[in-house]
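Comments concern the structure below.
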Amino acid sequence: MYKIANDGRYTFKNVLLETGFEYDGDEVVKTKTALFCVEIAEGKIVAITPNDPGKTTIDAKGWLMLPAFKDMHAHLDKMLYGLPWQAVSAKRRTVKDQIAYEQKMIPEWLKTSIGRTEKLIEFLQSNGTHFIRSHFNIDPTSGFDSLKHLEIALKNKEKTVGAELVAFPQHGLFYTNTAPLLKEVVKMNIDFIGGVDPYSIDGSIEKPMELITQLAIDHNKGIDIHLHEAGETGVKTIEYLINKANENPVLRGKSFVSHAFALGHLSALETERMAARLAEAGVGIVSSVPFGNTIMPIPLLRKHGVEVLVGNDNIQDHWNTFGPGHMLQKAKLIAGLYGYSSEWALSRTLGFATRYVLPLDDKGNQQWPKAGNDANLVFMEASCSAEAVARVSPVKSLVHKGNIVF
């Protein structure tokens with residue numbers, strides 16, 4: 001059996017990498033590939049060399065190597081994964097209904113949350129995910145326990161998964177007495193300040209959003225708010241964040257609206273204008289892709305240069321049970337919804353699973369992997385990116401910062 005060196009140096013042989021596009025006129029008809037050796041050391045790719053099938057090293061068996069996947073919207077702290085099956089209840093129709101239910105159930109869920117969070121991380125890893133943006137509840141019922149338990153689970157998994165954390169006041173900032181807790185948690189080792197439906201939960205757009213944005217500015221945090229409101233208040237909340245980002249350049253590229261369903265209910269002209277404003281302000285959108293009958297204008301947002309991140313959101317919880325826990329399935333869903341069926345378009349769609357790290361650029365030039373890249377890798381039983389997306393090809397191995405997860 002091949003032994004990894006003490007400095008973490010090892011080599012994969014028989015690694016299938018994409019090398020370019022094959023054209024018929026102007027149309028991309030095939031993705032070209034070849035076999036290589038890929039050397040890893042100290043969490044980095046240090047060399048890519050011609051394949052040596054006789055080399056005594058780790059055999060990648062001709063599997064396609066792609067950038068490992070990133071789930072950019074998850075709730076690792078608050079879910080039913082690892083508990084007996086439970087479908088969503090039709091009795092809880094509103095966000096406030098769910099808040100009341102959470103206030104009752106969170107103390108019970110916290111008893112087993114560390115072990116179940118680790119199991120959920122393992123499930124996401126089994127599908128090729130190595131990095132997760134996770135929201136955690138901050139509210140009078142949870143206190144700081146949701147964060148503490150999540151930090152323990154992530155510490156136990158630190159060699160094999162990366163994460164960034166969003167303080168999420170699910171129960172409102174003022175609907176429950178959460179504002180004082182948010183002012184404390186922002187001083188801790190977290191990355192983003194969250195929020196949820198300021199008008200429908202707290203009765204005001206300005207009051208919650210002013211607190212959220214000012215805390216982010218004062219403590220150098222990002223912003224990632226949940227916004228389900230689809231009407232005028234949803235639009236005005238997005239515009240509030242755009243204005244704040246324009247006034248405070250420190251928020252550019254660090255401010256996001258998760259869901260942002262209001263964008264799926266605008267006229268074509270209004271959507272164009274909003275997309276242009278989002279791009280200009282450096283405010284991104286995080287989507288779990290479709291939601292009921294709401295189809296988000298992802299192609300239009302991307303056309304204007306808006307960063308659109310994608311996540312599973314719910315895997316199995318009391319809000320929804322349809323999250324597949326698989327970023328390639330999300331990419332395939334995007335391809336199906338928006339008609340990305342050509343070789344070229346499917347290969348671009350992979351970017352929604354990898355936060356836009358792609359083996360080939362739009363013209364087919366090889367841009368990944370390169371020596372010096374972090375060794376965050378997934379090996380697929382597929383011939384190319386386009387096939388991996390279209391068929392949700394089997395994940396065979398995952399590597400996080402050079403550590404072989406499986």
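The way I read the labels, and the way they are meant: chains A, B, ... in the order of the structure tokens, residue 1 as the first residue of every chain, and ligand 1 as the first ligand shown, with later ones counted on from there.
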Requested in this report: Pick out the residues sitting within 7 Å of region 36-38 of chain A, and hand them over as a list of chain:residue names; count only C-alpha atoms, and ignore anything fewer than 6 positions along from it in its own chain.
Outcome: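 After dropping sequence-adjacent residues, the list is A:Thr11, A:Phe12, A:Lys13, A:Asn14, A:Val15, A:Leu16, A:Ala47, A:Ile48, A:Thr49, A:Pro50, A:Asn51, A:Asp52.
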Take the residues from that selection and write them out as a PDB file, in the first residue's frame, keeping N, CA, C and O atoms.
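Below is the file again_18.pdb, written as the result:
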```
ATOM      1  N   THR A  11       1.337  11.522  -4.497  1.00  0.00           N
ATOM      2  CA  THR A  11       1.017  11.748  -5.907  1.00  0.00           C
ATOM      3  C   THR A  11      -0.135  10.852  -6.333  1.00  0.00           C
ATOM      4  O   THR A  11      -0.193   9.676  -5.959  1.00  0.00           O
ATOM      5  N   PHE A  12      -1.045  11.426  -7.095  1.00  0.00           N
ATOM      6  CA  PHE A  12      -2.062  10.638  -7.801  1.00  0.00           C
ATOM      7  C   PHE A  12      -1.571  10.375  -9.226  1.00  0.00           C
ATOM      8  O   PHE A  12      -1.057  11.290  -9.885  1.00  0.00           O
ATOM      9  N   LYS A  13      -1.736   9.161  -9.696  1.00  0.00           N
ATOM     10  CA  LYS A  13      -1.492   8.859 -11.109  1.00  0.00           C
ATOM     11  C   LYS A  13      -2.826   8.520 -11.782  1.00  0.00           C
ATOM     12  O   LYS A  13      -3.842   8.313 -11.115  1.00  0.00           O
ATOM     13  N   ASN A  14      -2.802   8.481 -13.116  1.00  0.00           N
ATOM     14  CA  ASN A  14      -4.015   8.172 -13.895  1.00  0.00           C
ATOM     15  C   ASN A  14      -5.159   9.134 -13.558  1.00  0.00           C
ATOM     16  O   ASN A  14      -6.310   8.723 -13.383  1.00  0.00           O
ATOM     17  N   VAL A  15      -4.813  10.408 -13.447  1.00  0.00           N
ATOM     18  CA  VAL A  15      -5.799  11.451 -13.168  1.00  0.00           C
ATOM     19  C   VAL A  15      -6.303  12.027 -14.488  1.00  0.00           C
ATOM     20  O   VAL A  15      -5.497  12.526 -15.300  1.00  0.00           O
ATOM     21  N   LEU A  16      -7.605  11.984 -14.725  1.00  0.00           N
ATOM     22  CA  LEU A  16      -8.179  12.539 -15.940  1.00  0.00           C
ATOM     23  C   LEU A  16      -8.441  14.033 -15.735  1.00  0.00           C
ATOM     24  O   LEU A  16      -9.165  14.424 -14.821  1.00  0.00           O
ATOM     25  N   ALA A  47       2.630  19.994  -8.390  1.00  0.00           N
ATOM     26  CA  ALA A  47       3.092  19.683  -9.741  1.00  0.00           C
ATOM     27  C   ALA A  47       2.037  18.876 -10.478  1.00  0.00           C
ATOM     28  O   ALA A  47       1.351  18.036  -9.884  1.00  0.00           O
ATOM     29  N   ILE A  48       1.908  19.158 -11.789  1.00  0.00           N
ATOM     30  CA  ILE A  48       1.092  18.343 -12.688  1.00  0.00           C
ATOM     31  C   ILE A  48       2.013  17.900 -13.809  1.00  0.00           C
ATOM     32  O   ILE A  48       2.582  18.744 -14.531  1.00  0.00           O
ATOM     33  N   THR A  49       2.212  16.598 -13.958  1.00  0.00           N
ATOM     34  CA  THR A  49       3.198  16.070 -14.895  1.00  0.00           C
ATOM     35  C   THR A  49       2.549  15.016 -15.784  1.00  0.00           C
ATOM     36  O   THR A  49       1.466  14.496 -15.463  1.00  0.00           O
ATOM     37  N   PRO A  50       3.202  14.675 -16.911  1.00  0.00           N
ATOM     38  CA  PRO A  50       2.653  13.616 -17.775  1.00  0.00           C
ATOM     39  C   PRO A  50       2.424  12.338 -16.977  1.00  0.00           C
ATOM     40  O   PRO A  50       3.154  12.031 -16.033  1.00  0.00           O
ATOM     41  N   ASN A  51       1.421  11.604 -17.379  1.00  0.00           N
ATOM     42  CA  ASN A  51       1.062  10.409 -16.620  1.00  0.00           C
ATOM     43  C   ASN A  51       2.161   9.355 -16.664  1.00  0.00           C
ATOM     44  O   ASN A  51       2.820   9.172 -17.691  1.00  0.00           O
ATOM     45  N   ASP A  52       2.365   8.686 -15.530  1.00  0.00           N
ATOM     46  CA  ASP A  52       3.310   7.572 -15.420  1.00  0.00           C
ATOM     47  C   ASP A  52       2.554   6.408 -14.798  1.00  0.00           C
ATOM     48  O   ASP A  52       2.531   6.253 -13.575  1.00  0.00           O
TER      49      ASP A  52
END
```
Could you pull out the residues in region 254-356 of chain A that DSSP calls alpha helix (DSSP H) from the backbone, as a CSV table (one decimal) with N, CA, C and O atoms, in the first residue's frame?
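This went into out_34.csv:
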```csv
chain,number,residue,atom,x,y,z
A,268,ALA,N,-39.6,42.2,-16.7
A,268,ALA,CA,-38.3,42.0,-17.3
A,268,ALA,C,-37.4,43.3,-17.2
A,268,ALA,O,-36.2,43.2,-16.8
A,269,LEU,N,-38.0,44.5,-17.4
A,269,LEU,CA,-37.3,45.7,-17.3
A,269,LEU,C,-36.8,46.0,-15.8
A,269,LEU,O,-35.7,46.4,-15.6
A,270,GLU,N,-37.7,45.7,-14.9
A,270,GLU,CA,-37.4,45.9,-13.5
A,270,GLU,C,-36.3,45.0,-13.0
A,270,GLU,O,-35.4,45.3,-12.3
A,271,THR,N,-36.3,43.7,-13.5
A,271,THR,CA,-35.3,42.8,-13.2
A,271,THR,C,-33.9,43.2,-13.7
A,271,THR,O,-32.9,43.1,-13.1
A,272,GLU,N,-33.9,43.7,-15.0
A,272,GLU,CA,-32.7,44.2,-15.6
A,272,GLU,C,-32.1,45.3,-14.7
A,272,GLU,O,-30.9,45.4,-14.4
A,273,ARG,N,-32.9,46.3,-14.3
A,273,ARG,CA,-32.5,47.4,-13.5
A,273,ARG,C,-31.9,46.9,-12.2
A,273,ARG,O,-30.9,47.4,-11.8
A,274,MET,N,-32.6,46.0,-11.6
A,274,MET,CA,-32.2,45.6,-10.3
A,274,MET,C,-30.9,44.8,-10.4
A,274,MET,O,-30.0,44.9,-9.5
A,275,ALA,N,-30.7,44.0,-11.4
A,275,ALA,CA,-29.5,43.2,-11.6
A,275,ALA,C,-28.3,44.1,-11.8
A,275,ALA,O,-27.2,43.9,-11.2
A,276,ALA,N,-28.5,45.2,-12.6
A,276,ALA,CA,-27.4,46.1,-12.8
A,276,ALA,C,-27.1,46.8,-11.5
A,276,ALA,O,-25.9,47.1,-11.2
A,277,ARG,N,-28.0,47.2,-10.7
A,277,ARG,CA,-27.7,47.8,-9.4
A,277,ARG,C,-27.0,46.9,-8.4
A,277,ARG,O,-26.1,47.3,-7.7
A,278,LEU,N,-27.4,45.6,-8.4
A,278,LEU,CA,-26.8,44.7,-7.5
A,278,LEU,C,-25.3,44.5,-7.9
A,278,LEU,O,-24.4,44.5,-7.1
A,279,ALA,N,-25.1,44.4,-9.2
A,279,ALA,CA,-23.7,44.2,-9.7
A,279,ALA,C,-22.8,45.4,-9.4
A,279,ALA,O,-21.7,45.3,-8.9
A,280,GLU,N,-23.4,46.6,-9.6
A,280,GLU,CA,-22.7,47.9,-9.4
A,280,GLU,C,-22.3,48.0,-7.9
A,280,GLU,O,-21.2,48.5,-7.5
A,281,ALA,N,-23.2,47.6,-7.0
A,281,ALA,CA,-22.9,47.7,-5.5
A,281,ALA,C,-22.1,46.5,-5.0
A,281,ALA,O,-21.7,46.6,-3.8
A,298,ILE,N,-31.6,33.7,-12.6
A,298,ILE,CA,-30.2,33.5,-12.4
A,298,ILE,C,-29.4,33.9,-13.7
A,298,ILE,O,-28.4,34.6,-13.6
A,299,PRO,N,-29.9,33.5,-14.9
A,299,PRO,CA,-29.1,33.9,-16.1
A,299,PRO,C,-29.0,35.4,-16.3
A,299,PRO,O,-27.9,35.9,-16.6
A,300,LEU,N,-30.0,36.2,-16.0
A,300,LEU,CA,-30.0,37.6,-16.1
A,300,LEU,C,-29.0,38.2,-15.0
A,300,LEU,O,-28.3,39.1,-15.3
A,301,LEU,N,-29.1,37.7,-13.8
A,301,LEU,CA,-28.2,38.2,-12.8
A,301,LEU,C,-26.7,37.9,-13.2
A,301,LEU,O,-25.9,38.8,-13.1
A,302,ARG,N,-26.4,36.7,-13.7
A,302,ARG,CA,-25.1,36.4,-14.1
A,302,ARG,C,-24.7,37.3,-15.3
A,302,ARG,O,-23.5,37.7,-15.4
A,303,LYS,N,-25.6,37.6,-16.2
A,303,LYS,CA,-25.3,38.4,-17.4
A,303,LYS,C,-24.8,39.8,-17.0
A,303,LYS,O,-23.9,40.4,-17.6
A,327,MET,N,-24.3,19.2,-4.5
A,327,MET,CA,-24.2,20.4,-5.3
A,327,MET,C,-24.3,20.1,-6.8
A,327,MET,O,-24.7,21.0,-7.6
A,328,LEU,N,-23.9,18.9,-7.2
A,328,LEU,CA,-24.0,18.6,-8.6
A,328,LEU,C,-25.5,18.5,-9.0
A,328,LEU,O,-25.9,18.8,-10.1
A,329,GLN,N,-26.3,18.0,-8.1
A,329,GLN,CA,-27.8,17.9,-8.4
A,329,GLN,C,-28.3,19.3,-8.5
A,329,GLN,O,-29.2,19.6,-9.3
A,330,LYS,N,-27.9,20.3,-7.7
A,330,LYS,CA,-28.3,21.7,-7.8
A,330,LYS,C,-27.8,22.2,-9.2
A,330,LYS,O,-28.6,22.9,-9.9
A,331,ALA,N,-26.6,21.9,-9.6
A,331,ALA,CA,-26.1,22.4,-10.9
A,331,ALA,C,-27.0,21.8,-12.0
A,331,ALA,O,-27.3,22.5,-13.0
A,332,LYS,N,-27.3,20.5,-11.9
A,332,LYS,CA,-28.1,19.9,-13.0
A,332,LYS,C,-29.5,20.5,-13.0
A,332,LYS,O,-30.1,20.8,-14.1
A,333,LEU,N,-30.1,20.9,-11.8
A,333,LEU,CA,-31.4,21.5,-11.8
A,333,LEU,C,-31.3,22.9,-12.5
A,333,LEU,O,-32.2,23.2,-13.2
A,334,ILE,N,-30.3,23.6,-12.3
A,334,ILE,CA,-30.1,24.9,-12.9
A,334,ILE,C,-30.0,24.7,-14.4
A,334,ILE,O,-30.7,25.4,-15.2
A,335,ALA,N,-29.2,23.7,-14.9
A,335,ALA,CA,-29.1,23.4,-16.3
A,335,ALA,C,-30.5,23.1,-16.9
A,335,ALA,O,-30.8,23.6,-18.0
A,336,GLY,N,-31.3,22.3,-16.2
A,336,GLY,CA,-32.6,21.9,-16.7
A,336,GLY,C,-33.6,23.1,-16.7
A,336,GLY,O,-34.3,23.3,-17.7
A,337,LEU,N,-33.6,23.9,-15.7
A,337,LEU,CA,-34.5,25.1,-15.6
A,337,LEU,C,-34.2,26.1,-16.7
A,337,LEU,O,-35.1,26.7,-17.2
A,338,TYR,N,-32.9,26.3,-17.0
A,338,TYR,CA,-32.6,27.4,-17.9
A,338,TYR,C,-32.1,27.0,-19.3
A,338,TYR,O,-31.6,27.8,-20.1
A,343,GLU,N,-22.7,21.1,-24.7
A,343,GLU,CA,-21.5,20.8,-24.0
A,343,GLU,C,-20.9,22.0,-23.3
A,343,GLU,O,-20.4,21.9,-22.2
A,344,TRP,N,-20.8,23.1,-24.0
A,344,TRP,CA,-20.2,24.3,-23.5
A,344,TRP,C,-21.0,24.8,-22.3
A,344,TRP,O,-20.5,25.1,-21.2
A,345,ALA,N,-22.4,24.9,-22.4
A,345,ALA,CA,-23.2,25.4,-21.4
A,345,ALA,C,-23.2,24.5,-20.1
A,345,ALA,O,-23.1,25.0,-19.0
A,346,LEU,N,-23.2,23.2,-20.3
A,346,LEU,CA,-23.1,22.3,-19.2
A,346,LEU,C,-21.8,22.5,-18.4
A,346,LEU,O,-21.8,22.4,-17.2
A,347,SER,N,-20.7,22.6,-19.2
A,347,SER,CA,-19.4,22.8,-18.6
A,347,SER,C,-19.4,24.0,-17.7
A,347,SER,O,-18.7,24.1,-16.7
A,348,ARG,N,-20.0,25.1,-18.2
A,348,ARG,CA,-20.1,26.4,-17.4
A,348,ARG,C,-20.9,26.2,-16.2
A,348,ARG,O,-20.7,26.9,-15.1
A,349,THR,N,-22.0,25.4,-16.2
A,349,THR,CA,-22.9,25.2,-15.1
A,349,THR,C,-22.2,24.6,-13.9
A,349,THR,O,-22.7,24.8,-12.8
A,351,GLY,N,-19.8,25.6,-12.5
A,351,GLY,CA,-19.3,26.7,-11.7
A,351,GLY,C,-20.3,27.0,-10.5
A,351,GLY,O,-19.8,27.5,-9.5
A,352,PHE,N,-21.6,26.7,-10.7
A,352,PHE,CA,-22.5,26.9,-9.5
A,352,PHE,C,-22.2,26.0,-8.4
A,352,PHE,O,-22.6,26.3,-7.2
A,353,ALA,N,-21.5,24.8,-8.6
A,353,ALA,CA,-21.2,23.9,-7.6
A,353,ALA,C,-19.8,24.2,-7.0
A,353,ALA,O,-19.5,23.7,-5.9
A,354,THR,N,-19.0,24.9,-7.7
A,354,THR,CA,-17.6,25.1,-7.3
A,354,THR,C,-17.3,26.6,-7.0
A,354,THR,O,-16.1,26.9,-6.7
```
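Excluding Val257 (chain A) and any residue on its chain fewer than 5 positions from it, the residues at most 7 Å away by only C-alpha atoms are Asp224, Ile225, His226, Leu227, Gly284, Ile285 and Val286 of chain A.
Reported to one decimal place, the separation of CA of Ile404 (chain A) from CA of Pro369 (chain A) is 17.1 Å.
Ranking A:Ser204, A:Asn376, A:Thr94, A:Thr213 by their shortest atom-to-atom distance to Phe256 (chain A), with only C-alpha atoms included, puts A:Thr213 first.
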Report task. Based on DSSP run over this structure's backbone, return all residues of region 206-362 of chain A in strand (DSSP E), as a PyMOL selection string. Result -> chain A and resi 222-227+255-259+283-287+308-310
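Using only C-alpha atoms, the smallest distance between any of A:Val399, A:Ala87, A:Val289, A:Met105 and His130 (chain A) comes from A:Val399.
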Report task. Determine the nearest neighbour of Pro249 (chain A) from the options A:Ile217, A:Val308, A:Leu35, A:Ile201, counting only C-alpha atoms. Result -> A:Ile217
